[in-house]
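Notes for the one structure printed next.
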Amino acid sequence: MSMNIHQALLTRRSIRKYTDELVSSESIERIMTAATWAPSGSNTQPWRFYVAHGKKRDELIKGLVKASGPEAPSMEDYPNVTAEIEEVLADRLAENDPAGVRLLTLSKASGQFVRFGSIRFYQAPVAIVVTSPKKMGGSSGMSIGAAIQTLLLAAHGEGLGTCWLGMPIAYKDTLIDVLDIPEDEVCITSVSLGHPDLESPLNKMARSRLPYEATVHILG
């Protein structure tokens, strides 16, 4: 995929269903290299990335599902949960302006899908967990945010999809154990990465923004 930076910014979206196609090691390296070149306060580079794929990704997701408790759908049931939400979404999208359809307000089941989908990294083939050395402070949070945004845009430029996820961090003990994260690092956030299923209604909801004038004030 070839696009300029403005196209990338305006067309990137959160992806909640992926194909089974694996992400190449070359793409992962390009994306993660871009993330490490994000700006940071005093060039502290307070990010550490744990990129799980293959067997390690499978181990991580199984561990998170187990940690989330018995109410979580089993690995075998999760595709059925996804299919049910997609069916409801498809009907709503056919009836309404896509901009008016919100996943979290669709139904109680959609909220459960977001929760349990998040801890599965929405079945993406790559799960990325972001940590930071505990000694970091000051503007480290802003710097890590810049690195994540860079990662998301770099992935989009590769024709891949991502979703920035907070839910897996609720199970930090599992992340630490499976990914062998050192004791002097703290888990900050996570991202799913894979090839987007462009036919899924989960990836067709329109995105909206507040009016430009409501958020941008040009003075001078």
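Following the order of the structure tokens, first chain is A, next is B, and so on, with residues numbered from 1 inside each chain and ligands from 1 in the order they appear.
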*asked:* I'd like to know which residues of chain A are strand (DSSP E or B) (by DSSP, run on the backbone); could you write them as a PyMOL selection string?
replied: chain A and resi 14+18+48-53+126-133+161-165+185-194+196
Using only C-alpha atoms, determine which residues lie at most 6 Å from Ala124 in chain A, disregarding the query and same-chain residues fewer than 5 positions distant; provide the list as a compact mmCIF listing (two decimals) with N, CA and C atoms, in the first residue's frame.
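Written file, out.txt:
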```txt
# COMPACT_ATOMS: atom_id res chain seq x y z
N TYR A 18 -9.63 -10.03 12.06
CA TYR A 18 -8.47 -10.21 11.18
C TYR A 18 -8.61 -11.51 10.38
N SER A 192 -3.05 -5.00 18.94
CA SER A 192 -3.19 -6.17 18.06
C SER A 192 -2.73 -5.77 16.66
N LEU A 193 -2.21 -6.73 15.91
CA LEU A 193 -1.67 -6.45 14.58
C LEU A 193 -1.93 -7.63 13.65
N GLY A 194 -2.47 -7.34 12.47
CA GLY A 194 -2.71 -8.40 11.50
C GLY A 194 -3.32 -7.85 10.23
```
For range 31-42 of chain A, find every residue with an atom within 6 Å (counting only C-alpha atoms), except residues of its own chain fewer than 6 positions away, and show them as a short mmCIF file (atom, residue, chain, number, x, y, z; two decimals) with N, CA and C atoms, in the first residue's frame.
```
data_model
loop_
_atom_site.label_atom_id
_atom_site.label_comp_id
_atom_site.auth_asym_id
_atom_site.auth_seq_id
_atom_site.Cartn_x
_atom_site.Cartn_y
_atom_site.Cartn_z
N SER A 139 7.62 12.94 31.23
CA SER A 139 6.80 12.90 30.01
C SER A 139 6.78 11.52 29.35
N SER A 143 5.43 10.24 25.59
CA SER A 143 6.37 9.67 24.63
C SER A 143 5.90 8.30 24.15
N ALA A 146 3.15 8.64 21.68
CA ALA A 146 3.66 8.97 20.35
C ALA A 146 4.17 7.73 19.64
N ALA A 147 4.83 6.85 20.41
CA ALA A 147 5.35 5.61 19.81
C ALA A 147 4.22 4.71 19.34
N THR A 150 2.71 6.12 16.17
CA THR A 150 3.62 5.85 15.06
C THR A 150 3.49 4.40 14.61
N LEU A 151 3.39 3.49 15.57
CA LEU A 151 3.22 2.07 15.25
C LEU A 151 1.93 1.85 14.45
N ALA A 154 2.35 3.23 10.92
CA ALA A 154 3.28 2.42 10.14
C ALA A 154 2.61 1.12 9.69
N ALA A 155 1.83 0.52 10.57
CA ALA A 155 1.10 -0.71 10.21
C ALA A 155 0.09 -0.43 9.10
#
```
*asked:* Between CA of Ile144 in chain A and CA of Trp47 in chain A, what is the distance in Å, rounded to a tenth?
replied: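 Computing it gives 6.0 Å between the two atoms.
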*List the neighbours of range 130-136 of chain A out to 12 Å using only C-alpha atoms; skip same-chain residues closer than 3 positions along the sequence, and give me the result as a ChimeraX atom specification.*
/A:32,35-36,40-52,127,139-145,147-148,151,164-166,168-169,172,175-176,179-192
Grab the residues selected above and save them as a short mmCIF file (atom, residue, chain, number, x, y, z; two decimals), in the first residue's frame with N, CA and C atoms.
```
data_model
loop_
_atom_site.label_atom_id
_atom_site.label_comp_id
_atom_site.auth_asym_id
_atom_site.auth_seq_id
_atom_site.Cartn_x
_atom_site.Cartn_y
_atom_site.Cartn_z
N MET A 32 7.97 -1.93 13.73
CA MET A 32 8.54 -1.71 15.04
C MET A 32 9.72 -0.74 14.99
N ALA A 35 8.21 2.64 15.11
CA ALA A 35 7.75 2.98 16.46
C ALA A 35 8.90 3.46 17.33
N THR A 36 10.07 2.86 17.16
CA THR A 36 11.21 3.25 18.00
C THR A 36 11.80 4.60 17.61
N SER A 40 10.58 11.48 21.87
CA SER A 40 10.44 11.25 23.31
C SER A 40 11.14 12.36 24.07
N GLY A 41 10.66 12.65 25.27
CA GLY A 41 11.24 13.71 26.09
C GLY A 41 12.71 13.46 26.38
N SER A 42 13.56 14.42 26.02
CA SER A 42 15.02 14.30 26.23
C SER A 42 15.59 13.03 25.62
N ASN A 43 14.91 12.52 24.60
CA ASN A 43 15.33 11.30 23.90
C ASN A 43 15.49 10.11 24.86
N THR A 44 14.59 10.03 25.85
CA THR A 44 14.67 8.94 26.83
C THR A 44 14.22 7.60 26.26
N GLN A 45 13.38 7.63 25.21
CA GLN A 45 12.90 6.39 24.57
C GLN A 45 12.38 5.41 25.64
N PRO A 46 11.33 5.79 26.36
CA PRO A 46 10.89 5.00 27.52
C PRO A 46 10.02 3.80 27.18
N TRP A 47 10.12 3.30 25.97
CA TRP A 47 9.27 2.18 25.55
C TRP A 47 10.07 0.90 25.41
N ARG A 48 9.39 -0.20 25.69
CA ARG A 48 9.93 -1.53 25.41
C ARG A 48 8.78 -2.30 24.77
N PHE A 49 9.04 -3.00 23.69
CA PHE A 49 7.99 -3.70 22.95
C PHE A 49 8.21 -5.21 23.00
N TYR A 50 7.17 -5.94 23.37
CA TYR A 50 7.19 -7.41 23.36
C TYR A 50 6.21 -7.86 22.27
N VAL A 51 6.76 -8.41 21.20
CA VAL A 51 5.98 -8.75 20.02
C VAL A 51 5.80 -10.26 19.97
N ALA A 52 4.59 -10.72 20.27
CA ALA A 52 4.32 -12.16 20.34
C ALA A 52 3.59 -12.63 19.08
N ALA A 127 0.47 -10.07 18.72
CA ALA A 127 0.07 -9.34 19.93
C ALA A 127 1.28 -8.58 20.45
N SER A 139 7.62 12.94 31.23
CA SER A 139 6.80 12.90 30.01
C SER A 139 6.78 11.52 29.35
N SER A 140 7.16 10.49 30.09
CA SER A 140 7.26 9.16 29.47
C SER A 140 5.93 8.68 28.91
N GLY A 141 4.83 9.02 29.60
CA GLY A 141 3.52 8.61 29.10
C GLY A 141 3.21 9.21 27.75
N MET A 142 3.52 10.49 27.58
CA MET A 142 3.30 11.15 26.29
C MET A 142 4.20 10.55 25.22
N SER A 143 5.43 10.24 25.59
CA SER A 143 6.37 9.67 24.63
C SER A 143 5.90 8.30 24.15
N ILE A 144 5.39 7.49 25.07
CA ILE A 144 4.89 6.17 24.70
C ILE A 144 3.66 6.30 23.81
N GLY A 145 2.80 7.28 24.11
CA GLY A 145 1.65 7.52 23.24
C GLY A 145 2.09 7.85 21.82
N ALA A 147 4.83 6.85 20.41
CA ALA A 147 5.35 5.61 19.81
C ALA A 147 4.22 4.71 19.34
N ILE A 148 3.14 4.63 20.11
CA ILE A 148 2.00 3.80 19.71
C ILE A 148 1.35 4.36 18.45
N LEU A 151 3.39 3.49 15.57
CA LEU A 151 3.22 2.07 15.25
C LEU A 151 1.93 1.85 14.45
N TRP A 164 -5.63 -0.53 19.34
CA TRP A 164 -4.94 -0.14 20.57
C TRP A 164 -5.79 -0.64 21.74
N LEU A 165 -5.22 -1.48 22.60
CA LEU A 165 -5.99 -2.19 23.61
C LEU A 165 -5.50 -1.92 25.03
N GLY A 166 -6.42 -1.63 25.92
CA GLY A 166 -6.07 -1.46 27.32
C GLY A 166 -6.43 -2.66 28.17
N PRO A 168 -6.03 -6.00 28.03
CA PRO A 168 -5.05 -7.03 28.43
C PRO A 168 -4.17 -6.61 29.61
N ILE A 169 -3.98 -5.31 29.81
CA ILE A 169 -3.12 -4.84 30.89
C ILE A 169 -3.74 -5.14 32.26
N LYS A 172 -1.90 -8.18 34.03
CA LYS A 172 -0.46 -7.97 33.87
C LYS A 172 0.36 -9.16 34.37
N LEU A 175 0.77 -11.39 31.49
CA LEU A 175 1.68 -10.80 30.51
C LEU A 175 3.13 -10.96 30.96
N ILE A 176 3.38 -10.65 32.22
CA ILE A 176 4.73 -10.74 32.76
C ILE A 176 5.26 -12.16 32.71
N LEU A 179 5.46 -13.48 28.77
CA LEU A 179 6.41 -12.74 27.95
C LEU A 179 7.76 -12.53 28.63
N ASP A 180 7.87 -13.01 29.86
CA ASP A 180 9.13 -12.90 30.61
C ASP A 180 9.57 -11.44 30.74
N ILE A 181 8.64 -10.60 31.14
CA ILE A 181 8.92 -9.18 31.31
C ILE A 181 9.69 -8.97 32.61
N PRO A 182 10.80 -8.25 32.58
CA PRO A 182 11.62 -8.04 33.79
C PRO A 182 10.87 -7.31 34.89
N GLU A 183 11.32 -7.51 36.12
CA GLU A 183 10.67 -6.90 37.28
C GLU A 183 10.80 -5.38 37.30
N ASP A 184 11.80 -4.84 36.61
CA ASP A 184 11.99 -3.39 36.63
C ASP A 184 11.25 -2.67 35.51
N GLU A 185 10.28 -3.37 34.89
CA GLU A 185 9.45 -2.76 33.86
C GLU A 185 7.98 -2.84 34.27
N VAL A 186 7.20 -1.86 33.83
CA VAL A 186 5.77 -1.83 34.11
C VAL A 186 4.99 -1.92 32.81
N CYS A 187 3.92 -2.72 32.81
CA CYS A 187 3.09 -2.88 31.62
C CYS A 187 2.24 -1.62 31.41
N ILE A 188 2.26 -1.09 30.21
CA ILE A 188 1.58 0.16 29.91
C ILE A 188 0.34 -0.03 29.03
N THR A 189 0.48 -0.70 27.91
CA THR A 189 -0.63 -0.84 26.97
C THR A 189 -0.32 -1.97 26.00
N SER A 190 -1.20 -2.19 25.02
CA SER A 190 -1.00 -3.28 24.08
C SER A 190 -1.69 -2.97 22.75
N VAL A 191 -1.30 -3.71 21.72
CA VAL A 191 -1.81 -3.48 20.36
C VAL A 191 -1.95 -4.82 19.65
N SER A 192 -3.05 -5.00 18.94
CA SER A 192 -3.19 -6.17 18.06
C SER A 192 -2.73 -5.77 16.66
#
```
*asked:* So the first atom is CA of Ala94 in chain A and the second is CA of Asn203 in chain A; what is the distance between them in Å, to one decimal place?
replied: 14.2 Å
*Mind pulling up the distance from CA of Phe121 in chain A to CA of Leu89 in chain A?*
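Going from CA of Leu89 in chain A over to CA of Phe121 in chain A covers 19.9 Å.
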